[in-house]
file final-v8.txt (compact mmCIF, N, CA and C atoms)
# COMPACT_ATOMS: atom_id res chain seq x y z
N MET A 448 35.42 18.39 114.45
CA MET A 448 36.14 17.24 113.93
C MET A 448 35.26 16.01 114.07
N ASN A 449 35.22 15.16 113.07
CA ASN A 449 34.39 13.97 113.03
C ASN A 449 34.81 12.96 114.11
N VAL A 450 33.81 12.34 114.75
CA VAL A 450 34.05 11.32 115.77
C VAL A 450 33.21 10.10 115.43
N ASP A 451 33.87 8.95 115.32
CA ASP A 451 33.18 7.68 115.10
C ASP A 451 33.05 6.95 116.42
N ILE A 452 31.90 6.33 116.65
CA ILE A 452 31.67 5.53 117.85
C ILE A 452 31.77 4.07 117.43
N LEU A 453 32.70 3.33 118.07
CA LEU A 453 32.97 1.95 117.70
C LEU A 453 32.80 1.02 118.88
N ARG A 454 32.15 -0.10 118.66
CA ARG A 454 32.15 -1.20 119.62
C ARG A 454 33.37 -2.05 119.29
N ILE A 455 34.19 -2.35 120.29
CA ILE A 455 35.34 -3.20 120.00
C ILE A 455 35.22 -4.51 120.75
N GLY A 456 35.84 -5.53 120.17
CA GLY A 456 35.81 -6.86 120.75
C GLY A 456 37.18 -7.51 120.60
N PRO A 457 37.24 -8.82 120.84
CA PRO A 457 38.51 -9.53 120.70
C PRO A 457 39.11 -9.27 119.32
N GLY A 458 40.38 -9.01 119.27
CA GLY A 458 41.05 -8.74 118.00
C GLY A 458 41.07 -7.28 117.61
N ASP A 459 40.40 -6.41 118.37
CA ASP A 459 40.34 -4.99 118.03
C ASP A 459 41.23 -4.11 118.91
N ALA A 460 42.04 -4.71 119.75
CA ALA A 460 42.83 -3.95 120.72
C ALA A 460 43.80 -2.97 120.07
N ALA A 461 44.18 -3.20 118.83
CA ALA A 461 45.14 -2.32 118.16
C ALA A 461 44.63 -0.88 118.07
N VAL A 462 43.32 -0.69 118.07
CA VAL A 462 42.78 0.68 118.01
C VAL A 462 43.18 1.48 119.24
N LEU A 463 43.57 0.79 120.32
CA LEU A 463 43.96 1.45 121.56
C LEU A 463 45.43 1.87 121.58
N GLU A 464 46.12 1.74 120.46
CA GLU A 464 47.53 2.13 120.42
C GLU A 464 47.72 3.64 120.46
N ARG A 465 46.71 4.38 120.08
CA ARG A 465 46.79 5.85 120.09
C ARG A 465 45.60 6.41 120.86
N VAL A 466 45.85 6.80 122.11
CA VAL A 466 44.78 7.26 123.01
C VAL A 466 45.13 8.65 123.53
N ALA A 467 44.17 9.56 123.46
CA ALA A 467 44.36 10.92 123.95
C ALA A 467 44.49 10.93 125.48
N GLU A 468 44.94 12.05 125.98
CA GLU A 468 45.17 12.24 127.41
C GLU A 468 43.89 12.08 128.23
N ASP A 469 44.00 11.38 129.36
CA ASP A 469 42.95 11.24 130.36
C ASP A 469 41.67 10.57 129.88
N VAL A 470 41.75 9.75 128.84
CA VAL A 470 40.58 8.97 128.40
C VAL A 470 40.37 7.80 129.36
N PHE A 471 41.45 7.19 129.81
CA PHE A 471 41.41 6.11 130.79
C PHE A 471 41.99 6.63 132.10
N ASP A 472 41.66 5.96 133.19
CA ASP A 472 42.15 6.37 134.50
C ASP A 472 43.64 6.11 134.69
N ASP A 473 44.14 5.03 134.10
CA ASP A 473 45.54 4.63 134.22
C ASP A 473 46.02 4.12 132.88
N ALA A 474 47.29 3.70 132.84
CA ALA A 474 47.86 3.14 131.62
C ALA A 474 47.12 1.85 131.25
N ILE A 475 46.97 1.62 129.96
CA ILE A 475 46.29 0.43 129.47
C ILE A 475 47.26 -0.74 129.53
N ASP A 476 46.80 -1.85 130.07
CA ASP A 476 47.59 -3.08 130.16
C ASP A 476 47.07 -4.04 129.08
N PRO A 477 47.90 -4.42 128.11
CA PRO A 477 47.43 -5.28 127.01
C PRO A 477 46.78 -6.59 127.48
N ALA A 478 47.31 -7.21 128.51
CA ALA A 478 46.72 -8.46 129.00
C ALA A 478 45.33 -8.21 129.59
N ARG A 479 45.17 -7.11 130.29
CA ARG A 479 43.86 -6.78 130.85
C ARG A 479 42.87 -6.43 129.75
N VAL A 480 43.33 -5.71 128.74
CA VAL A 480 42.45 -5.39 127.60
C VAL A 480 41.97 -6.67 126.94
N ALA A 481 42.90 -7.59 126.68
CA ALA A 481 42.54 -8.85 126.01
C ALA A 481 41.52 -9.63 126.85
N ALA A 482 41.75 -9.70 128.15
CA ALA A 482 40.81 -10.42 129.02
C ALA A 482 39.45 -9.75 129.03
N TYR A 483 39.43 -8.43 129.09
CA TYR A 483 38.16 -7.69 129.10
C TYR A 483 37.38 -7.93 127.81
N LEU A 484 38.06 -7.79 126.69
CA LEU A 484 37.39 -7.92 125.40
C LEU A 484 36.95 -9.35 125.11
N ALA A 485 37.56 -10.33 125.76
CA ALA A 485 37.19 -11.73 125.56
C ALA A 485 35.89 -12.11 126.27
N GLU A 486 35.47 -11.30 127.22
CA GLU A 486 34.26 -11.60 127.98
C GLU A 486 33.02 -11.22 127.17
N PRO A 487 32.13 -12.17 126.90
CA PRO A 487 30.95 -11.86 126.07
C PRO A 487 29.97 -10.89 126.71
N ASN A 488 29.96 -10.77 128.03
CA ASN A 488 29.05 -9.85 128.70
C ASN A 488 29.68 -8.50 128.99
N HIS A 489 30.84 -8.22 128.39
CA HIS A 489 31.51 -6.93 128.53
C HIS A 489 31.54 -6.23 127.17
N LEU A 490 31.45 -4.92 127.20
CA LEU A 490 31.61 -4.15 125.97
C LEU A 490 32.41 -2.89 126.26
N MET A 491 33.35 -2.61 125.36
CA MET A 491 34.07 -1.34 125.37
C MET A 491 33.66 -0.60 124.11
N VAL A 492 33.22 0.63 124.28
CA VAL A 492 32.83 1.50 123.18
C VAL A 492 33.84 2.64 123.14
N LEU A 493 34.33 2.94 121.95
CA LEU A 493 35.33 3.99 121.79
C LEU A 493 34.82 5.11 120.91
N ALA A 494 35.26 6.32 121.21
CA ALA A 494 35.07 7.48 120.33
C ALA A 494 36.42 7.72 119.68
N VAL A 495 36.46 7.65 118.36
CA VAL A 495 37.72 7.76 117.63
C VAL A 495 37.63 8.92 116.65
N SER A 496 38.64 9.77 116.69
CA SER A 496 38.72 10.93 115.81
C SER A 496 40.11 10.98 115.19
N ALA A 497 40.19 10.96 113.87
CA ALA A 497 41.47 11.01 113.15
C ALA A 497 42.44 9.95 113.65
N GLY A 498 41.92 8.74 113.92
CA GLY A 498 42.76 7.64 114.35
C GLY A 498 43.15 7.64 115.81
N GLU A 499 42.65 8.59 116.59
CA GLU A 499 42.98 8.68 118.01
C GLU A 499 41.73 8.45 118.84
N VAL A 500 41.86 7.64 119.90
CA VAL A 500 40.77 7.41 120.83
C VAL A 500 40.63 8.65 121.71
N VAL A 501 39.47 9.30 121.63
CA VAL A 501 39.23 10.52 122.40
C VAL A 501 38.20 10.30 123.51
N GLY A 502 37.61 9.11 123.54
CA GLY A 502 36.64 8.79 124.58
C GLY A 502 36.42 7.30 124.65
N GLN A 503 35.96 6.85 125.81
CA GLN A 503 35.66 5.43 125.98
C GLN A 503 34.58 5.26 127.02
N ALA A 504 33.83 4.18 126.88
CA ALA A 504 32.85 3.78 127.89
C ALA A 504 32.84 2.26 127.92
N ARG A 505 32.61 1.74 129.13
CA ARG A 505 32.59 0.29 129.30
C ARG A 505 31.33 -0.11 130.04
N GLY A 506 30.77 -1.24 129.63
CA GLY A 506 29.58 -1.75 130.28
C GLY A 506 29.63 -3.25 130.44
N ILE A 507 28.85 -3.73 131.40
CA ILE A 507 28.77 -5.15 131.70
C ILE A 507 27.31 -5.53 131.85
N VAL A 508 26.90 -6.59 131.16
CA VAL A 508 25.56 -7.13 131.35
C VAL A 508 25.60 -7.98 132.61
N HIS A 509 24.75 -7.65 133.55
CA HIS A 509 24.71 -8.30 134.85
C HIS A 509 23.40 -9.07 134.95
N ARG A 510 23.51 -10.39 134.96
CA ARG A 510 22.32 -11.24 135.03
C ARG A 510 22.11 -11.73 136.46
N HIS A 511 20.85 -11.80 136.85
CA HIS A 511 20.47 -12.23 138.20
C HIS A 511 19.46 -13.38 138.11
N PRO A 512 19.41 -14.22 139.13
CA PRO A 512 18.38 -15.25 139.15
C PRO A 512 17.02 -14.72 139.61
N ASP A 513 17.01 -13.57 140.26
CA ASP A 513 15.78 -13.08 140.87
C ASP A 513 15.41 -11.64 140.50
N LEU A 514 16.22 -10.99 139.70
CA LEU A 514 15.99 -9.59 139.34
C LEU A 514 16.14 -9.43 137.83
N PRO A 515 15.66 -8.31 137.29
CA PRO A 515 15.83 -8.08 135.85
C PRO A 515 17.31 -7.98 135.47
N THR A 516 17.60 -8.38 134.26
CA THR A 516 18.94 -8.21 133.72
C THR A 516 19.21 -6.72 133.60
N GLU A 517 20.42 -6.32 134.01
CA GLU A 517 20.74 -4.89 134.02
C GLU A 517 22.08 -4.63 133.35
N LEU A 518 22.23 -3.42 132.88
CA LEU A 518 23.49 -2.95 132.33
C LEU A 518 24.20 -2.14 133.40
N TYR A 519 25.38 -2.59 133.78
CA TYR A 519 26.21 -1.82 134.70
C TYR A 519 27.16 -0.99 133.84
N ILE A 520 27.05 0.31 133.93
CA ILE A 520 27.94 1.22 133.21
C ILE A 520 29.17 1.39 134.08
N ASP A 521 30.24 0.76 133.65
CA ASP A 521 31.43 0.58 134.47
C ASP A 521 32.36 1.79 134.46
N ASN A 522 32.47 2.47 133.35
CA ASN A 522 33.44 3.56 133.26
C ASN A 522 33.15 4.37 132.02
N LEU A 523 33.43 5.66 132.09
CA LEU A 523 33.26 6.54 130.93
C LEU A 523 34.30 7.65 131.05
N GLY A 524 35.00 7.92 129.97
CA GLY A 524 35.98 8.99 129.98
C GLY A 524 36.13 9.64 128.62
N VAL A 525 36.29 10.95 128.61
CA VAL A 525 36.53 11.72 127.39
C VAL A 525 37.71 12.63 127.66
N THR A 526 38.63 12.72 126.70
CA THR A 526 39.78 13.60 126.88
C THR A 526 39.31 15.03 127.13
N PRO A 527 39.94 15.74 128.05
CA PRO A 527 39.50 17.11 128.36
C PRO A 527 39.41 18.02 127.14
N ALA A 528 40.28 17.84 126.17
CA ALA A 528 40.27 18.70 124.98
C ALA A 528 39.01 18.52 124.13
N ARG A 529 38.26 17.43 124.33
CA ARG A 529 37.08 17.15 123.50
C ARG A 529 35.78 17.12 124.31
N LYS A 530 35.82 17.61 125.54
CA LYS A 530 34.59 17.64 126.34
C LYS A 530 33.64 18.72 125.80
N ARG A 531 32.38 18.56 126.12
CA ARG A 531 31.31 19.49 125.72
C ARG A 531 31.00 19.40 124.23
N GLU A 532 31.33 18.25 123.61
CA GLU A 532 31.00 18.01 122.20
C GLU A 532 29.92 16.94 122.03
N GLY A 533 29.38 16.43 123.13
CA GLY A 533 28.36 15.38 123.05
C GLY A 533 28.93 13.98 122.93
N ILE A 534 30.24 13.83 123.06
CA ILE A 534 30.87 12.51 122.91
C ILE A 534 30.41 11.57 124.02
N ALA A 535 30.38 12.03 125.26
CA ALA A 535 29.96 11.18 126.37
C ALA A 535 28.52 10.69 126.17
N THR A 536 27.66 11.55 125.70
CA THR A 536 26.27 11.17 125.45
C THR A 536 26.20 10.09 124.38
N ARG A 537 26.97 10.25 123.31
CA ARG A 537 26.97 9.24 122.24
C ARG A 537 27.51 7.91 122.73
N LEU A 538 28.56 7.93 123.55
CA LEU A 538 29.11 6.69 124.11
C LEU A 538 28.07 6.01 125.00
N LEU A 539 27.43 6.78 125.86
CA LEU A 539 26.42 6.24 126.75
C LEU A 539 25.24 5.67 125.96
N ASP A 540 24.80 6.37 124.93
CA ASP A 540 23.71 5.88 124.09
C ASP A 540 24.06 4.54 123.45
N GLU A 541 25.30 4.39 123.00
CA GLU A 541 25.71 3.13 122.37
C GLU A 541 25.74 1.99 123.38
N LEU A 542 26.21 2.27 124.60
CA LEU A 542 26.19 1.23 125.64
C LEU A 542 24.75 0.81 125.96
N VAL A 543 23.86 1.76 126.09
CA VAL A 543 22.46 1.45 126.39
C VAL A 543 21.84 0.65 125.25
N ARG A 544 22.14 1.00 124.02
CA ARG A 544 21.64 0.25 122.87
C ARG A 544 22.09 -1.22 122.96
N TRP A 545 23.38 -1.43 123.26
CA TRP A 545 23.92 -2.77 123.40
C TRP A 545 23.26 -3.50 124.56
N GLY A 546 23.05 -2.80 125.67
CA GLY A 546 22.38 -3.42 126.81
C GLY A 546 20.99 -3.92 126.44
N ARG A 547 20.24 -3.10 125.73
CA ARG A 547 18.90 -3.52 125.29
C ARG A 547 18.98 -4.72 124.36
N GLU A 548 19.95 -4.73 123.46
CA GLU A 548 20.14 -5.87 122.55
C GLU A 548 20.41 -7.16 123.33
N ASN A 549 20.95 -7.02 124.54
CA ASN A 549 21.30 -8.17 125.36
C ASN A 549 20.31 -8.42 126.49
N GLY A 550 19.12 -7.89 126.35
CA GLY A 550 18.04 -8.20 127.29
C GLY A 550 18.00 -7.38 128.56
N CYS A 551 18.80 -6.33 128.65
CA CYS A 551 18.78 -5.50 129.85
C CYS A 551 17.49 -4.70 129.94
N GLU A 552 16.94 -4.64 131.13
CA GLU A 552 15.72 -3.88 131.37
C GLU A 552 15.99 -2.56 132.06
N GLU A 553 17.19 -2.40 132.58
CA GLU A 553 17.57 -1.16 133.25
C GLU A 553 19.08 -1.04 133.24
N ALA A 554 19.57 0.14 133.62
CA ALA A 554 21.01 0.38 133.69
C ALA A 554 21.29 1.15 134.97
N TRP A 555 22.52 0.98 135.46
CA TRP A 555 22.92 1.77 136.63
C TRP A 555 24.39 2.13 136.52
N VAL A 556 24.74 3.20 137.20
CA VAL A 556 26.10 3.72 137.18
C VAL A 556 26.33 4.44 138.50
N GLY A 557 27.56 4.46 138.94
CA GLY A 557 27.93 5.22 140.12
C GLY A 557 29.02 6.22 139.78
N THR A 558 29.06 7.32 140.49
CA THR A 558 30.13 8.30 140.31
C THR A 558 30.37 9.00 141.64
N GLU A 559 31.44 9.71 141.71
CA GLU A 559 31.77 10.44 142.93
C GLU A 559 30.82 11.63 143.09
N PRO A 560 30.49 11.98 144.34
CA PRO A 560 29.56 13.09 144.58
C PRO A 560 30.01 14.41 143.96
N ASP A 561 31.33 14.64 143.87
CA ASP A 561 31.82 15.92 143.34
C ASP A 561 32.09 15.90 141.83
N ASN A 562 31.73 14.83 141.15
CA ASN A 562 31.93 14.75 139.70
C ASN A 562 30.72 15.36 139.00
N GLU A 563 30.69 16.68 138.98
CA GLU A 563 29.55 17.42 138.45
C GLU A 563 29.26 17.12 136.97
N PRO A 564 30.29 17.04 136.09
CA PRO A 564 29.98 16.72 134.68
C PRO A 564 29.29 15.36 134.52
N ALA A 565 29.77 14.35 135.24
CA ALA A 565 29.15 13.03 135.15
C ALA A 565 27.73 13.07 135.70
N ARG A 566 27.56 13.72 136.82
CA ARG A 566 26.22 13.78 137.40
C ARG A 566 25.24 14.50 136.47
N ALA A 567 25.69 15.55 135.82
CA ALA A 567 24.83 16.27 134.87
C ALA A 567 24.45 15.36 133.69
N LEU A 568 25.42 14.59 133.19
CA LEU A 568 25.16 13.67 132.09
C LEU A 568 24.10 12.65 132.48
N TYR A 569 24.26 12.02 133.63
CA TYR A 569 23.33 10.97 134.04
C TYR A 569 21.97 11.54 134.42
N GLU A 570 21.95 12.69 135.07
CA GLU A 570 20.67 13.29 135.45
C GLU A 570 19.90 13.79 134.23
N ALA A 571 20.61 14.16 133.16
CA ALA A 571 19.95 14.59 131.93
C ALA A 571 19.15 13.46 131.28
N ARG A 572 19.44 12.24 131.66
CA ARG A 572 18.73 11.07 131.15
C ARG A 572 17.49 10.76 131.98
N GLY A 573 17.17 11.63 132.96
CA GLY A 573 15.96 11.47 133.72
C GLY A 573 16.10 10.65 134.99
N SER A 574 17.30 10.50 135.49
CA SER A 574 17.51 9.73 136.71
C SER A 574 17.98 10.63 137.83
N GLU A 575 17.63 10.25 139.05
CA GLU A 575 18.09 10.99 140.21
C GLU A 575 19.11 10.13 140.96
N ALA A 576 20.05 10.78 141.59
CA ALA A 576 21.08 10.08 142.34
C ALA A 576 20.49 9.47 143.60
N GLU A 577 21.01 8.30 143.95
CA GLU A 577 20.67 7.65 145.21
C GLU A 577 21.94 7.55 146.04
N THR A 578 21.80 7.60 147.33
CA THR A 578 22.94 7.45 148.21
C THR A 578 23.11 5.97 148.55
N PHE A 579 24.35 5.49 148.49
CA PHE A 579 24.63 4.12 148.91
C PHE A 579 26.03 4.07 149.52
N VAL A 580 26.30 3.00 150.19
CA VAL A 580 27.59 2.82 150.84
C VAL A 580 28.41 1.85 150.02
N LEU A 581 29.65 2.19 149.76
CA LEU A 581 30.54 1.35 148.95
C LEU A 581 31.62 0.76 149.84
N TYR A 582 31.81 -0.54 149.73
CA TYR A 582 32.89 -1.22 150.43
C TYR A 582 33.87 -1.73 149.40
N PHE A 583 35.13 -1.54 149.64
CA PHE A 583 36.18 -1.96 148.71
C PHE A 583 37.05 -2.99 149.40
N TYR A 584 37.21 -4.14 148.79
CA TYR A 584 38.05 -5.20 149.33
C TYR A 584 39.24 -5.41 148.41
N ALA A 585 40.43 -5.21 148.92
CA ALA A 585 41.64 -5.49 148.16
C ALA A 585 42.11 -6.89 148.52
N PHE A 586 42.52 -7.64 147.53
CA PHE A 586 43.05 -8.98 147.76
C PHE A 586 44.56 -8.88 147.90
N ASP A 587 45.07 -9.35 149.02
CA ASP A 587 46.51 -9.29 149.21
C ASP A 587 47.17 -10.50 148.56
N ASP A 588 48.48 -10.51 148.52
CA ASP A 588 49.23 -11.57 147.84
C ASP A 588 49.50 -12.78 148.72
N THR A 589 48.94 -12.85 149.91
CA THR A 589 49.23 -13.98 150.79
C THR A 589 48.28 -15.13 150.57

call {"tool": "encode", "arguments": {"input": "final-v8.txt", "output": "structure tokens"}}
result
Amino acid sequence: MNVDILRIGPGDAAVLERVAEDVFDDAIDPARVAAYLAEPNHLMVLAVSAGEVVGQARGIVHRHPDLPTELYIDNLGVTPARKREGIATRLLDELVRWGRENGCEEAWVGTEPDNEPARALYEARGSEAETFVLYFYAFDDT
């Protein structure tokens, strides 16, 4: 089945009205989508087949005062029914293309140690995993 890869921006959120199972981690919040798409250094790339979103990837251009500009690959998901069709590779390629267009000299991504499909995808691009420590800070309502 044909799959189109689309970059979406402000005003394109309607394409997210029909999304296949497990493409995103949680339910899509329209206000969060609008805020994300309004940011010029953010990009959401979608894989769309027969009017349904079957995959997505998100990236952020991260600029530094002392280091090269980099593309942070924030998230990537493909519905289980469409895995092993090369959709993730096409989404990743489009994000990298956009990163280069925006002056990025490198890209980075993190994933869980047991996420074998993701690790295989990223390692196929010629990169090796590095170990790092992640700290998560939740902001409370007080």

call {"tool": "atom_distance", "arguments": {"input": "final-v8.txt", "atom1": "atom CA of Val462 of chain A", "atom2": "atom CA of Arg544 of chain A"}}
result
21.7 Å

call {"tool": "closest_residue", "arguments": {"input": "final-v8.txt", "among": "A:Glu517, A:Glu570, A:Glu532, A:Glu563", "to": "Asn549 of chain A", "atoms": "all atoms listed in the file"}}
result
A:Glu517

call {"tool": "atom_distance", "arguments": {"input": "final-v8.txt", "atom1": "atom CA of Val466 of chain A", "atom2": "atom C of Glu499 of chain A"}}
result
5.3 Å

call {"tool": "atom_distance", "arguments": {"input": "final-v8.txt", "atom1": "atom C of Asn488 of chain A", "atom2": "atom N of Gly506 of chain A"}}
result
7.4 Å

call {"tool": "closest_residue", "arguments": {"input": "final-v8.txt", "among": "A:Gly456, A:Gly498, A:Gly557, A:Pro512", "to": "Ala485 of chain A", "atoms": "all atoms listed in the file"}}
result
A:Gly456

call {"tool": "residues_near_point", "arguments": {"input": "final-v8.txt", "point": "(41.1, 7.5, 125.3)", "cutoff": "5 Å", "atoms": "all atoms listed in the file", "output": "number ranges by chain"}}
result
A: 466-467, 470-471, 500-502

call {"tool": "write_last_selection", "arguments": {"input": "final-v8.txt", "atoms": "N, CA and C atoms", "output": "compact mmCIF listing (two decimals), in the coordinates of the input"}}
result
# COMPACT_ATOMS: atom_id res chain seq x y z
N VAL A 466 45.85 6.80 122.11
CA VAL A 466 44.78 7.26 123.01
C VAL A 466 45.13 8.65 123.53
N ALA A 467 44.17 9.56 123.46
CA ALA A 467 44.36 10.92 123.95
C ALA A 467 44.49 10.93 125.48
N VAL A 470 41.75 9.75 128.84
CA VAL A 470 40.58 8.97 128.40
C VAL A 470 40.37 7.80 129.36
N PHE A 471 41.45 7.19 129.81
CA PHE A 471 41.41 6.11 130.79
C PHE A 471 41.99 6.63 132.10
N VAL A 500 41.86 7.64 119.90
CA VAL A 500 40.77 7.41 120.83
C VAL A 500 40.63 8.65 121.71
N VAL A 501 39.47 9.30 121.63
CA VAL A 501 39.23 10.52 122.40
C VAL A 501 38.20 10.30 123.51
N GLY A 502 37.61 9.11 123.54
CA GLY A 502 36.64 8.79 124.58
C GLY A 502 36.42 7.30 124.65

call {"tool": "closest_residue", "arguments": {"input": "final-v8.txt", "among": "A:Ser496, A:Thr516, A:Thr578, A:Thr526", "to": "Thr558 of chain A", "atoms": "only C-alpha atoms"}}
result
A:Thr578

call {"tool": "select_by_dssp", "arguments": {"input": "final-v8.txt", "residues": "segment 450-528 of chain A", "states": "strand (DSSP E or B)", "output": "VMD selection string"}}
result
chain A and resid 451 to 455 466 489 to 496 499 to 509 517 to 525

call {"tool": "residues_near_point", "arguments": {"input": "final-v8.txt", "point": "(41.4, -7.5, 129.6)", "cutoff": "12 Å", "atoms": "only C-alpha atoms", "output": "PDB file with N, CA and C atoms, keeping the file's coordinate frame"}}
result
ATOM      1  N   GLY A 456      35.840  -5.530 120.170  1.00  0.00           N
ATOM      2  CA  GLY A 456      35.810  -6.860 120.750  1.00  0.00           C
ATOM      3  C   GLY A 456      37.180  -7.510 120.600  1.00  0.00           C
ATOM      4  N   PRO A 457      37.240  -8.820 120.840  1.00  0.00           N
ATOM      5  CA  PRO A 457      38.510  -9.530 120.700  1.00  0.00           C
ATOM      6  C   PRO A 457      39.110  -9.270 119.320  1.00  0.00           C
ATOM      7  N   GLY A 458      40.380  -9.010 119.270  1.00  0.00           N
ATOM      8  CA  GLY A 458      41.050  -8.740 118.000  1.00  0.00           C
ATOM      9  C   GLY A 458      41.070  -7.280 117.610  1.00  0.00           C
ATOM     10  N   ASP A 459      40.400  -6.410 118.370  1.00  0.00           N
ATOM     11  CA  ASP A 459      40.340  -4.990 118.030  1.00  0.00           C
ATOM     12  C   ASP A 459      41.230  -4.110 118.910  1.00  0.00           C
ATOM     13  N   ALA A 460      42.040  -4.710 119.750  1.00  0.00           N
ATOM     14  CA  ALA A 460      42.830  -3.950 120.720  1.00  0.00           C
ATOM     15  C   ALA A 460      43.800  -2.970 120.070  1.00  0.00           C
ATOM     16  N   ILE A 475      46.970   1.620 129.960  1.00  0.00           N
ATOM     17  CA  ILE A 475      46.290   0.430 129.470  1.00  0.00           C
ATOM     18  C   ILE A 475      47.260  -0.740 129.530  1.00  0.00           C
ATOM     19  N   ASP A 476      46.800  -1.850 130.070  1.00  0.00           N
ATOM     20  CA  ASP A 476      47.590  -3.080 130.160  1.00  0.00           C
ATOM     21  C   ASP A 476      47.070  -4.040 129.080  1.00  0.00           C
ATOM     22  N   PRO A 477      47.900  -4.420 128.110  1.00  0.00           N
ATOM     23  CA  PRO A 477      47.430  -5.280 127.010  1.00  0.00           C
ATOM     24  C   PRO A 477      46.780  -6.590 127.480  1.00  0.00           C
ATOM     25  N   ALA A 478      47.310  -7.210 128.510  1.00  0.00           N
ATOM     26  CA  ALA A 478      46.720  -8.460 129.000  1.00  0.00           C
ATOM     27  C   ALA A 478      45.330  -8.210 129.590  1.00  0.00           C
ATOM     28  N   ARG A 479      45.170  -7.110 130.290  1.00  0.00           N
ATOM     29  CA  ARG A 479      43.860  -6.780 130.850  1.00  0.00           C
ATOM     30  C   ARG A 479      42.870  -6.430 129.750  1.00  0.00           C
ATOM     31  N   VAL A 480      43.330  -5.710 128.740  1.00  0.00           N
ATOM     32  CA  VAL A 480      42.450  -5.390 127.600  1.00  0.00           C
ATOM     33  C   VAL A 480      41.970  -6.670 126.940  1.00  0.00           C
ATOM     34  N   ALA A 481      42.900  -7.590 126.680  1.00  0.00           N
ATOM     35  CA  ALA A 481      42.540  -8.850 126.010  1.00  0.00           C
ATOM     36  C   ALA A 481      41.520  -9.630 126.850  1.00  0.00           C
ATOM     37  N   ALA A 482      41.750  -9.700 128.150  1.00  0.00           N
ATOM     38  CA  ALA A 482      40.810 -10.420 129.020  1.00  0.00           C
ATOM     39  C   ALA A 482      39.450  -9.750 129.030  1.00  0.00           C
ATOM     40  N   TYR A 483      39.430  -8.430 129.090  1.00  0.00           N
ATOM     41  CA  TYR A 483      38.160  -7.690 129.100  1.00  0.00           C
ATOM     42  C   TYR A 483      37.380  -7.930 127.810  1.00  0.00           C
ATOM     43  N   LEU A 484      38.060  -7.790 126.690  1.00  0.00           N
ATOM     44  CA  LEU A 484      37.390  -7.920 125.400  1.00  0.00           C
ATOM     45  C   LEU A 484      36.950  -9.350 125.110  1.00  0.00           C
ATOM     46  N   ALA A 485      37.560 -10.330 125.760  1.00  0.00           N
ATOM     47  CA  ALA A 485      37.190 -11.730 125.560  1.00  0.00           C
ATOM     48  C   ALA A 485      35.890 -12.110 126.270  1.00  0.00           C
ATOM     49  N   GLU A 486      35.470 -11.300 127.220  1.00  0.00           N
ATOM     50  CA  GLU A 486      34.260 -11.600 127.980  1.00  0.00           C
ATOM     51  C   GLU A 486      33.020 -11.220 127.170  1.00  0.00           C
ATOM     52  N   PRO A 487      32.130 -12.170 126.900  1.00  0.00           N
ATOM     53  CA  PRO A 487      30.950 -11.860 126.070  1.00  0.00           C
ATOM     54  C   PRO A 487      29.970 -10.890 126.710  1.00  0.00           C
ATOM     55  N   HIS A 489      30.840  -8.220 128.390  1.00  0.00           N
ATOM     56  CA  HIS A 489      31.510  -6.930 128.530  1.00  0.00           C
ATOM     57  C   HIS A 489      31.540  -6.230 127.170  1.00  0.00           C
ATOM     58  N   LEU A 490      31.450  -4.920 127.200  1.00  0.00           N
ATOM     59  CA  LEU A 490      31.610  -4.150 125.970  1.00  0.00           C
ATOM     60  C   LEU A 490      32.410  -2.890 126.260  1.00  0.00           C
ATOM     61  N   MET A 491      33.350  -2.610 125.360  1.00  0.00           N
ATOM     62  CA  MET A 491      34.070  -1.340 125.370  1.00  0.00           C
ATOM     63  C   MET A 491      33.660  -0.600 124.110  1.00  0.00           C
ATOM     64  N   ARG A 505      32.610   1.740 129.130  1.00  0.00           N
ATOM     65  CA  ARG A 505      32.590   0.290 129.300  1.00  0.00           C
ATOM     66  C   ARG A 505      31.330  -0.110 130.040  1.00  0.00           C
TER      67      ARG A 505
END

call {"tool": "closest_residue", "arguments": {"input": "final-v8.txt", "among": "A:Ala497, A:Ala504, A:Val450, A:Leu514", "to": "Glu552 of chain A", "atoms": "only C-alpha atoms"}}
result
A:Leu514
